[in-house]
There are 2 protein chains.
Amino acid sequence: MEEIKTFENICNLLRNHSYKVTPQRQTILQTFLEHVDRHLSAEEVYMLVKHQNPEIGLATVYRSLDILAEIGVLLKNDFGDGRSRYEFSRKDEHHHHHHLICLRCGDVSEFDDDWLESLETVITKRNHFKIVDHDLKFYGYCHKCEETL
Amino acid sequence: MEEIKTFENICNLLRNHSYKVTPQRQTILQTFLEHVDRHLSAEEVYMLVKHQNPEIGLATVYRSLDILAEIGVLLKNDFGDGRSRYEFSRKDEHHHHHHLICLRCGDVSEFDDDWLESLETVITKRNHFKIVDHDLKFYGYCHKCEETL
DNA sequence: TCCATATTTGCTATTATATGTCAAATGCTG
DNA sequence: CAGCATTTGACATATAATAGCAAATATGGA
C-alpha cells in the first residue's frame, strides 16, 4: 500500500529511510514536483535549483537524485544521450511505461502498455532467463518535428 | 541485395565508402570475426588487438569502430554499463534482435522477435510519432547465475 | 613500379558525466 | 538545546570518448 507522492509524504519517506530532510533535498524535490512531466538530467536539475538556492552544489544534486531513486520517488532513465535522466515515478503503474524519444528535438513522450508481461513468460521458458526488469524505447520523430522536416 | 560479411567483402565495403583498408582496421575486423558471438567494448577490442599489433592506439580503435558501425558492419549497443558495446550485425535480420542482460555476470544473450513491428503501427497512429527504430532490453539472471544464487 | 596526396595513425590533451574525499555545517534524537 | 552522525560544498579524481596535430601510409594515376 503506497501513499500518494505529495511533498510531505516524500519527506516522511526520506525520514523512514533514515535520511535527513535538508533544505537542499526539499528544493530538489520541489523542482521535480513543478516538472512532473519532464525527464530532467542532473545538470538540468542543478540549473533549476540554483535559482532558488544558488549555494547548492552539483555533487549534492547527484547524491539527492540517487537517494530519491533508491527510495522509489524517482526513476533513473538512460535515453542514450550520455547522461541519466530522472522522472517522477507515479504510483499507479504496476509495470513502468515506455518511452518515445524524438531523434531531432530530444523530446521524450510516454507510452503505456502491458503486453510485455506475457512475452516475459515465453522468454523465461525459452531462454532459461529469469527476467526482473525490461526497458523498451522507440526512436523516431515527434509530431512537431515530423511536420517541419 | 547485401553480400555475406566475409573479411574480403567488408574490406571492399570500406573501399566503396572511400575508406582505406589499413592493417589496423584489418586487425580489428579480424578480431570481431573471431568473436562473432561477443558484445565487445572499445576497451576490450583494444586489449585483444594489442596482442596482434601492440603499436595500435586506442583512438584508432574508437575511430575504426565508428566507421564499421557507420557502414553497417557493426551494431553499436548501450547495455547501461557505461560503455558502448559492438556486435557483428548479421545480414539476415530485417529488424534487429533484442538482448537479455544478466545483472550478475553481465553476460548478454540474444532474443529474436518480430511482433514489435505490428505494435509500431499502433503507436504511430495513437501517439503521432514516426518510429524509425526501437530498442528492447530484458534485465534478469541467466541460467548459470540463477542456479548459483 | 613509383609518386603525389589525401587519409589515417598514434600520441597527447581535452571534454563531459559522474563519483570520491574531507573539513565544516547542520538536521534530528534524546 | 546539546551531541553527534549525517550531509553539504568545494575540489580532486575516475572513466569513456573525442579533438588536434605532426608523422606515417594506402591508393589511384603516371
# chains A, B, ... in the order shown; residues from 1 in each chain; ligands from 1

$ residues_around --residues "DG9 in chain D" --least-positions-apart "4" --cutoff "10 Å" --atoms "only C-alpha atoms (C1' of nucleotides)" --output "mmCIF file with all heavy atoms, in the first residue's frame"
data_model
loop_
_atom_site.group_PDB
_atom_site.id
_atom_site.type_symbol
_atom_site.label_atom_id
_atom_site.label_comp_id
_atom_site.auth_asym_id
_atom_site.auth_seq_id
_atom_site.Cartn_x
_atom_site.Cartn_y
_atom_site.Cartn_z
ATOM 1 N N GLU A 55 23.515 28.477 -3.596
ATOM 2 C CA GLU A 55 24.613 27.903 -2.833
ATOM 3 C C GLU A 55 24.763 26.399 -3.059
ATOM 4 O O GLU A 55 25.782 25.812 -2.710
ATOM 5 C CB GLU A 55 24.385 28.144 -1.325
ATOM 6 C CG GLU A 55 24.290 29.607 -0.923
ATOM 7 C CD GLU A 55 25.529 30.394 -1.310
ATOM 8 O OE1 GLU A 55 26.625 29.927 -0.980
ATOM 9 O OE2 GLU A 55 25.385 31.452 -1.957
ATOM 10 N N ILE A 56 23.745 25.819 -3.627
ATOM 11 C CA ILE A 56 23.731 24.349 -3.742
ATOM 12 C C ILE A 56 24.842 23.852 -4.666
ATOM 13 O O ILE A 56 25.188 24.492 -5.650
ATOM 14 C CB ILE A 56 22.341 23.884 -4.232
ATOM 15 C CG1 ILE A 56 22.046 22.470 -3.746
ATOM 16 C CG2 ILE A 56 22.242 23.975 -5.742
ATOM 17 C CD1 ILE A 56 20.577 22.133 -3.827
ATOM 18 N N GLY A 57 25.400 22.698 -4.322
ATOM 19 C CA GLY A 57 26.495 22.123 -5.097
ATOM 20 C C GLY A 57 26.027 21.010 -6.016
ATOM 21 O O GLY A 57 25.023 20.353 -5.759
ATOM 22 N N LEU A 58 26.791 20.814 -7.099
ATOM 23 C CA LEU A 58 26.395 19.802 -8.084
ATOM 24 C C LEU A 58 26.411 18.406 -7.466
ATOM 25 O O LEU A 58 25.516 17.589 -7.713
ATOM 26 C CB LEU A 58 27.344 19.867 -9.283
ATOM 27 C CG LEU A 58 27.099 18.864 -10.408
ATOM 28 C CD1 LEU A 58 25.702 19.015 -10.982
ATOM 29 C CD2 LEU A 58 28.137 19.038 -11.509
ATOM 30 N N ALA A 59 27.417 18.138 -6.649
ATOM 31 C CA ALA A 59 27.523 16.812 -6.034
ATOM 32 C C ALA A 59 26.297 16.507 -5.184
ATOM 33 O O ALA A 59 25.824 15.373 -5.143
ATOM 34 C CB ALA A 59 28.781 16.726 -5.185
ATOM 35 N N THR A 60 25.790 17.534 -4.526
ATOM 36 C CA THR A 60 24.591 17.352 -3.707
ATOM 37 C C THR A 60 23.398 16.954 -4.571
ATOM 38 O O THR A 60 22.587 16.120 -4.177
ATOM 39 C CB THR A 60 24.273 18.651 -2.938
ATOM 40 O OG1 THR A 60 25.384 18.976 -2.111
ATOM 41 C CG2 THR A 60 23.029 18.499 -2.092
ATOM 42 P P DA C 24 37.797 22.693 9.203
ATOM 43 O OP1 DA C 24 38.601 23.943 9.175
ATOM 44 O OP2 DA C 24 37.788 21.818 10.399
ATOM 45 O "O5'" DA C 24 36.285 23.076 8.843
ATOM 46 C "C5'" DA C 24 36.007 23.806 7.639
ATOM 47 C "C4'" DA C 24 34.512 23.921 7.463
ATOM 48 O "O4'" DA C 24 33.947 22.607 7.202
ATOM 49 C "C3'" DA C 24 33.763 24.475 8.680
ATOM 50 O "O3'" DA C 24 32.792 25.399 8.213
ATOM 51 C "C2'" DA C 24 33.107 23.248 9.288
ATOM 52 C "C1'" DA C 24 32.840 22.393 8.051
ATOM 53 N N9 DA C 24 32.770 20.951 8.295
ATOM 54 C C8 DA C 24 33.621 20.184 9.038
ATOM 55 N N7 DA C 24 33.315 18.909 9.065
ATOM 56 C C5 DA C 24 32.173 18.831 8.289
ATOM 57 C C6 DA C 24 31.342 17.741 7.926
ATOM 58 N N6 DA C 24 31.563 16.486 8.314
ATOM 59 N N1 DA C 24 30.285 18.013 7.123
ATOM 60 C C2 DA C 24 30.068 19.280 6.731
ATOM 61 N N3 DA C 24 30.781 20.384 7.019
ATOM 62 C C4 DA C 24 31.826 20.081 7.800
ATOM 63 P P DA C 25 31.801 26.182 9.231
ATOM 64 O OP1 DA C 25 31.717 27.583 8.800
ATOM 65 O OP2 DA C 25 32.187 25.818 10.609
ATOM 66 O "O5'" DA C 25 30.396 25.495 8.906
ATOM 67 C "C5'" DA C 25 29.931 25.492 7.553
ATOM 68 C "C4'" DA C 25 28.643 24.694 7.466
ATOM 69 O "O4'" DA C 25 28.909 23.310 7.754
ATOM 70 C "C3'" DA C 25 27.547 25.136 8.446
ATOM 71 O "O3'" DA C 25 26.328 25.185 7.724
ATOM 72 C "C2'" DA C 25 27.529 24.025 9.490
ATOM 73 C "C1'" DA C 25 27.951 22.817 8.665
ATOM 74 N N9 DA C 25 28.601 21.740 9.398
ATOM 75 C C8 DA C 25 29.692 21.827 10.226
ATOM 76 N N7 DA C 25 30.073 20.674 10.727
ATOM 77 C C5 DA C 25 29.171 19.764 10.186
ATOM 78 C C6 DA C 25 29.029 18.364 10.327
ATOM 79 N N6 DA C 25 29.847 17.618 11.083
ATOM 80 N N1 DA C 25 28.019 17.768 9.649
ATOM 81 C C2 DA C 25 27.224 18.521 8.894
ATOM 82 N N3 DA C 25 27.252 19.840 8.684
ATOM 83 C C4 DA C 25 28.262 20.407 9.361
#

$ closest_atom_pairs --of "chain A" --to "chain B" --cutoff "6 Å" --atoms "only C-alpha atoms" --output "tab-separated table"
residue	atom	partner	partner_atom	distance
A:His128	CA	B:His143	CA	5.4
A:Phe129	CA	B:Cys142	CA	4.7
A:Lys130	CA	B:Tyr141	CA	5.1
A:Ile131	CA	B:Gly140	CA	4.2
A:Val132	CA	B:Gly140	CA	4.8
A:Asp133	CA	B:Tyr139	CA	5.0
A:His134	CA	B:Phe138	CA	4.3
A:Asp135	CA	B:Lys137	CA	5.1
A:Leu136	CA	B:Leu136	CA	4.4
A:Lys137	CA	B:Asp135	CA	5.1
A:Phe138	CA	B:His134	CA	4.3
A:Tyr139	CA	B:Asp133	CA	5.0
A:Gly140	CA	B:Ile131	CA	4.2
A:Tyr141	CA	B:Lys130	CA	5.1
A:Cys142	CA	B:Phe129	CA	4.7
A:His143	CA	B:His128	CA	5.4

$ write_last_selection --atoms "all heavy atoms" --output "compact mmCIF listing (two decimals), in the first residue's frame"
# COMPACT_ATOMS: atom_id res chain seq x y z
N HIS A 128 15.65 -19.83 -20.65
CA HIS A 128 16.18 -20.08 -19.31
C HIS A 128 16.77 -18.81 -18.72
O HIS A 128 17.95 -18.76 -18.37
CB HIS A 128 17.24 -21.17 -19.34
CG HIS A 128 16.72 -22.46 -19.86
ND1 HIS A 128 15.78 -23.21 -19.19
CD2 HIS A 128 16.97 -23.12 -21.00
CE1 HIS A 128 15.50 -24.28 -19.90
NE2 HIS A 128 16.21 -24.25 -21.01
N PHE A 129 15.99 -17.75 -18.69
CA PHE A 129 16.47 -16.47 -18.23
C PHE A 129 15.41 -15.85 -17.35
O PHE A 129 14.29 -15.63 -17.79
CB PHE A 129 16.74 -15.57 -19.45
CG PHE A 129 17.50 -14.31 -19.13
CD1 PHE A 129 18.88 -14.29 -19.20
CD2 PHE A 129 16.82 -13.15 -18.79
CE1 PHE A 129 19.58 -13.12 -18.92
CE2 PHE A 129 17.52 -11.99 -18.51
CZ PHE A 129 18.90 -11.97 -18.58
N LYS A 130 15.74 -15.60 -16.09
CA LYS A 130 14.77 -15.05 -15.17
C LYS A 130 14.72 -13.53 -15.28
O LYS A 130 15.63 -12.84 -14.84
CB LYS A 130 15.11 -15.43 -13.72
CG LYS A 130 14.08 -14.92 -12.73
CD LYS A 130 14.35 -15.43 -11.34
CE LYS A 130 13.38 -14.81 -10.35
NZ LYS A 130 11.97 -15.04 -10.71
N ILE A 131 13.66 -13.03 -15.88
CA ILE A 131 13.55 -11.59 -16.13
C ILE A 131 13.05 -10.86 -14.88
O ILE A 131 12.10 -11.27 -14.26
CB ILE A 131 12.60 -11.33 -17.30
CG1 ILE A 131 13.20 -11.90 -18.58
CG2 ILE A 131 12.34 -9.83 -17.45
CD1 ILE A 131 12.24 -11.90 -19.73
N VAL A 132 13.74 -9.79 -14.53
CA VAL A 132 13.27 -8.99 -13.39
C VAL A 132 12.90 -7.57 -13.82
O VAL A 132 12.25 -6.85 -13.09
CB VAL A 132 14.32 -8.91 -12.27
CG1 VAL A 132 14.61 -10.27 -11.72
CG2 VAL A 132 15.59 -8.24 -12.76
N ASP A 133 13.32 -7.18 -15.01
CA ASP A 133 13.01 -5.83 -15.47
C ASP A 133 13.15 -5.78 -16.99
O ASP A 133 13.82 -6.62 -17.58
CB ASP A 133 13.97 -4.83 -14.82
CG ASP A 133 13.46 -3.40 -14.93
OD1 ASP A 133 12.30 -3.22 -15.36
OD2 ASP A 133 14.21 -2.48 -14.59
N HIS A 134 12.52 -4.77 -17.57
CA HIS A 134 12.71 -4.59 -19.01
C HIS A 134 12.74 -3.11 -19.34
O HIS A 134 12.40 -2.26 -18.53
CB HIS A 134 11.61 -5.31 -19.79
CG HIS A 134 10.24 -4.82 -19.48
ND1 HIS A 134 9.26 -5.63 -18.96
CD2 HIS A 134 9.69 -3.59 -19.58
CE1 HIS A 134 8.18 -4.92 -18.77
NE2 HIS A 134 8.39 -3.68 -19.15
N ASP A 135 13.14 -2.83 -20.53
CA ASP A 135 13.35 -1.45 -20.96
C ASP A 135 13.10 -1.39 -22.46
O ASP A 135 13.81 -2.02 -23.25
CB ASP A 135 14.80 -1.05 -20.64
CG ASP A 135 15.12 0.35 -21.12
OD1 ASP A 135 14.18 1.13 -21.35
OD2 ASP A 135 16.31 0.66 -21.28
N LEU A 136 12.05 -0.67 -22.82
CA LEU A 136 11.69 -0.57 -24.24
C LEU A 136 11.68 0.89 -24.66
O LEU A 136 11.02 1.72 -24.04
CB LEU A 136 10.31 -1.20 -24.47
CG LEU A 136 9.70 -1.09 -25.87
CD1 LEU A 136 10.62 -1.66 -26.94
CD2 LEU A 136 8.34 -1.79 -25.91
N LYS A 137 12.40 1.19 -25.71
CA LYS A 137 12.45 2.57 -26.21
C LYS A 137 12.16 2.58 -27.70
O LYS A 137 12.61 1.70 -28.43
CB LYS A 137 13.82 3.17 -25.95
CG LYS A 137 14.06 3.56 -24.52
CD LYS A 137 15.47 4.00 -24.27
CE LYS A 137 16.43 2.84 -24.26
NZ LYS A 137 17.71 3.12 -23.60
N PHE A 138 11.41 3.58 -28.12
CA PHE A 138 11.19 3.77 -29.55
C PHE A 138 11.84 5.08 -29.96
O PHE A 138 11.63 6.11 -29.31
CB PHE A 138 9.69 3.83 -29.86
CG PHE A 138 8.99 2.52 -29.67
CD1 PHE A 138 8.31 2.25 -28.49
CD2 PHE A 138 9.04 1.55 -30.65
CE1 PHE A 138 7.67 1.03 -28.30
CE2 PHE A 138 8.40 0.33 -30.45
CZ PHE A 138 7.72 0.06 -29.28
N TYR A 139 12.61 5.05 -31.00
CA TYR A 139 13.25 6.25 -31.51
C TYR A 139 12.55 6.66 -32.80
O TYR A 139 12.17 5.80 -33.61
CB TYR A 139 14.73 6.00 -31.81
CG TYR A 139 15.53 5.66 -30.57
CD1 TYR A 139 15.75 4.34 -30.19
CD2 TYR A 139 16.05 6.67 -29.77
CE1 TYR A 139 16.47 4.03 -29.07
CE2 TYR A 139 16.79 6.37 -28.64
CZ TYR A 139 16.99 5.04 -28.30
OH TYR A 139 17.72 4.74 -27.18
N GLY A 140 12.35 7.95 -32.98
CA GLY A 140 11.72 8.42 -34.19
C GLY A 140 11.56 9.91 -34.18
O GLY A 140 12.39 10.62 -33.65
N TYR A 141 10.46 10.38 -34.78
CA TYR A 141 10.24 11.82 -34.87
C TYR A 141 8.86 12.18 -34.35
O TYR A 141 7.86 11.58 -34.76
CB TYR A 141 10.41 12.28 -36.32
CG TYR A 141 11.80 12.05 -36.82
CD1 TYR A 141 12.10 10.92 -37.61
CD2 TYR A 141 12.83 12.89 -36.46
CE1 TYR A 141 13.40 10.68 -38.03
CE2 TYR A 141 14.13 12.66 -36.87
CZ TYR A 141 14.40 11.55 -37.66
OH TYR A 141 15.69 11.30 -38.07
N CYS A 142 8.84 13.13 -33.41
CA CYS A 142 7.58 13.53 -32.82
C CYS A 142 6.75 14.31 -33.84
O CYS A 142 7.26 14.70 -34.89
CB CYS A 142 7.80 14.35 -31.56
SG CYS A 142 8.46 16.01 -31.85
N HIS A 143 5.50 14.53 -33.50
CA HIS A 143 4.56 15.16 -34.40
C HIS A 143 5.09 16.49 -34.95
O HIS A 143 5.10 16.71 -36.16
CB HIS A 143 3.24 15.40 -33.65
CG HIS A 143 2.10 15.73 -34.54
ND1 HIS A 143 1.90 15.13 -35.77
CD2 HIS A 143 1.09 16.63 -34.39
CE1 HIS A 143 0.82 15.63 -36.34
NE2 HIS A 143 0.30 16.54 -35.52

$ select_by_dssp --residues "chain B" --states "alpha helix (DSSP H)" --output "MDAnalysis selection string"
chainID B and resid 7:16 23:33 42:52 58:70 116:127 143:147

$ interface_residues --of "chain D" --to "chain A" --cutoff "12 Å" --atoms "only C-alpha atoms (C1' of nucleotides)" --output "compact mmCIF listing (two decimals) with N, CA and C atoms (P, O5', C5', C4', C3', O3' and C1' of nucleotides), in the first residue's frame"
# COMPACT_ATOMS: atom_id res chain seq x y z
P DA D 5 28.47 9.57 16.38
O5' DA D 5 27.69 8.86 15.17
C5' DA D 5 26.30 8.58 15.30
C4' DA D 5 25.54 9.15 14.11
C3' DA D 5 26.12 8.75 12.75
O3' DA D 5 25.05 8.43 11.88
C1' DA D 5 26.03 11.12 12.90
P DT D 6 25.32 7.96 10.36
O5' DT D 6 24.74 9.20 9.54
C5' DT D 6 23.48 9.73 9.89
C4' DT D 6 23.23 11.01 9.13
C3' DT D 6 23.47 10.92 7.62
O3' DT D 6 22.34 11.49 6.99
C1' DT D 6 24.65 12.76 8.53
P DT D 7 22.15 11.52 5.42
O5' DT D 7 22.73 12.96 5.04
C5' DT D 7 22.13 14.11 5.61
C4' DT D 7 22.86 15.35 5.17
C3' DT D 7 23.15 15.43 3.67
O3' DT D 7 22.59 16.64 3.20
C1' DT D 7 25.08 15.95 4.93
P DT D 8 22.55 16.98 1.66
O5' DT D 8 23.58 18.20 1.58
C5' DT D 8 23.49 19.24 2.53
C4' DT D 8 24.73 20.09 2.47
C3' DT D 8 25.17 20.47 1.04
O3' DT D 8 25.18 21.86 0.92
C1' DT D 8 27.00 19.63 2.35
P DG D 9 25.12 22.53 -0.51
O5' DG D 9 26.63 22.92 -0.74
C5' DG D 9 27.26 23.79 0.18
C4' DG D 9 28.74 23.86 -0.12
C3' DG D 9 29.09 24.10 -1.59
O3' DG D 9 30.15 25.05 -1.63
C1' DG D 9 30.14 22.12 -0.84
P DA D 10 30.52 25.83 -2.94
O5' DA D 10 32.06 25.46 -3.09
C5' DA D 10 32.91 25.60 -1.95
C4' DA D 10 34.16 24.75 -2.15
C3' DA D 10 34.72 24.81 -3.57
O3' DA D 10 36.11 25.18 -3.52
C1' DA D 10 34.46 22.58 -2.87
P DC D 11 36.94 25.43 -4.86
O5' DC D 11 37.76 24.07 -5.00
C5' DC D 11 38.37 23.50 -3.84
C4' DC D 11 38.81 22.08 -4.17
C3' DC D 11 39.45 21.93 -5.56
O3' DC D 11 40.78 21.46 -5.40
C1' DC D 11 37.86 20.22 -5.14
P DA D 16 35.93 3.09 -18.68
O5' DA D 16 35.17 3.93 -19.80
C5' DA D 16 33.79 4.19 -19.64
C4' DA D 16 33.35 5.17 -20.68
C3' DA D 16 33.73 4.78 -22.11
O3' DA D 16 32.57 4.95 -22.94
C1' DA D 16 34.57 6.95 -21.61
P DA D 17 32.65 4.53 -24.51
O5' DA D 17 33.11 5.88 -25.19
C5' DA D 17 32.28 7.03 -25.03
C4' DA D 17 33.00 8.25 -25.56
C3' DA D 17 33.51 8.12 -27.00
O3' DA D 17 32.75 9.01 -27.80
C1' DA D 17 35.07 9.22 -25.57

$ select_by_dssp --residues "range 32-82 of chain B" --states "strand (DSSP E)" --output "VMD selection string"
chain B and resid 40 to 41 74 to 78

$ residues_around --residues "Ser41 in chain B" --least-positions-apart "6" --cutoff "10 Å" --atoms "only C-alpha atoms (C1' of nucleotides)" --output "VMD selection string"
chain B and resid 47 62 65 76 to 78 83 to 87

$ closest_residue --among "C:DT1, C:DT29, C:DT12, C:DT19" --to "chain A" --atoms "only C-alpha atoms (C1' of nucleotides)"
C:DT19

$ residues_around --residues "Arg15 in chain A" --least-positions-apart "5" --cutoff "12 Å" --atoms "only C-alpha atoms (C1' of nucleotides)" --output "number ranges by chain"
A: 8-10, 20-22, 25, 67-68, 71; C: 27-28

$ write_last_selection --atoms "N, CA, C and O atoms (P, O5', C5', C4', C3', O3' and C1' of nucleotides)" --output "compact mmCIF listing (two decimals), in the first residue's frame"
# COMPACT_ATOMS: atom_id res chain seq x y z
N GLU A 8 4.94 16.33 1.36
CA GLU A 8 5.04 15.90 2.75
C GLU A 8 5.30 14.40 2.87
O GLU A 8 6.12 13.95 3.67
N ASN A 9 4.58 13.62 2.07
CA ASN A 9 4.76 12.17 2.13
C ASN A 9 6.15 11.73 1.73
O ASN A 9 6.69 10.78 2.29
N ILE A 10 6.72 12.43 0.78
CA ILE A 10 8.07 12.07 0.36
C ILE A 10 9.08 12.45 1.45
O ILE A 10 10.02 11.71 1.70
N LYS A 20 17.97 12.47 6.18
CA LYS A 20 17.52 13.74 6.72
C LYS A 20 16.84 14.59 5.67
O LYS A 20 17.19 14.53 4.49
N VAL A 21 15.88 15.39 6.12
CA VAL A 21 15.18 16.28 5.19
C VAL A 21 15.85 17.65 5.23
O VAL A 21 15.53 18.50 6.06
N THR A 22 16.80 17.83 4.33
CA THR A 22 17.56 19.08 4.29
C THR A 22 16.90 20.06 3.32
O THR A 22 16.12 19.65 2.46
N ARG A 25 17.52 19.05 -0.30
CA ARG A 25 16.67 17.96 -0.80
C ARG A 25 15.26 18.45 -1.03
O ARG A 25 14.58 18.00 -1.96
N ILE A 67 19.45 9.14 -4.01
CA ILE A 67 18.62 8.74 -2.88
C ILE A 67 17.14 8.66 -3.26
O ILE A 67 16.46 7.69 -2.95
N LEU A 68 16.67 9.68 -3.97
CA LEU A 68 15.27 9.71 -4.36
C LEU A 68 14.93 8.54 -5.29
O LEU A 68 13.81 8.02 -5.26
N ILE A 71 14.76 5.28 -2.98
CA ILE A 71 13.55 5.08 -2.19
C ILE A 71 12.28 5.08 -3.05
O ILE A 71 11.17 5.10 -2.54
P DG C 27 19.58 22.39 8.86
O5' DG C 27 18.64 21.11 9.04
C5' DG C 27 18.64 20.09 8.10
C4' DG C 27 18.52 18.71 8.74
C3' DG C 27 17.27 18.46 9.58
O3' DG C 27 16.82 17.14 9.27
C1' DG C 27 19.22 18.12 10.92
P DC C 28 15.42 16.63 9.78
O5' DC C 28 15.79 15.84 11.10
C5' DC C 28 16.69 14.74 11.00
C4' DC C 28 16.98 14.17 12.37
C3' DC C 28 15.77 14.00 13.28
O3' DC C 28 15.86 12.69 13.83
C1' DC C 28 17.47 15.18 14.41

$ closest_residue --among "C:DG10, C:DC2, C:DT17, C:DC22" --to "chain A" --atoms "only C-alpha atoms (C1' of nucleotides)"
C:DT17

$ atom_distance --atom1 "CA of Val45 in chain A" --atom2 "C1' of DT21 in chain C"
23.7 Å

$ atom_distance --atom1 "CA of Val61 in chain A" --atom2 "CA of Pro23 in chain A"
11.9 Å
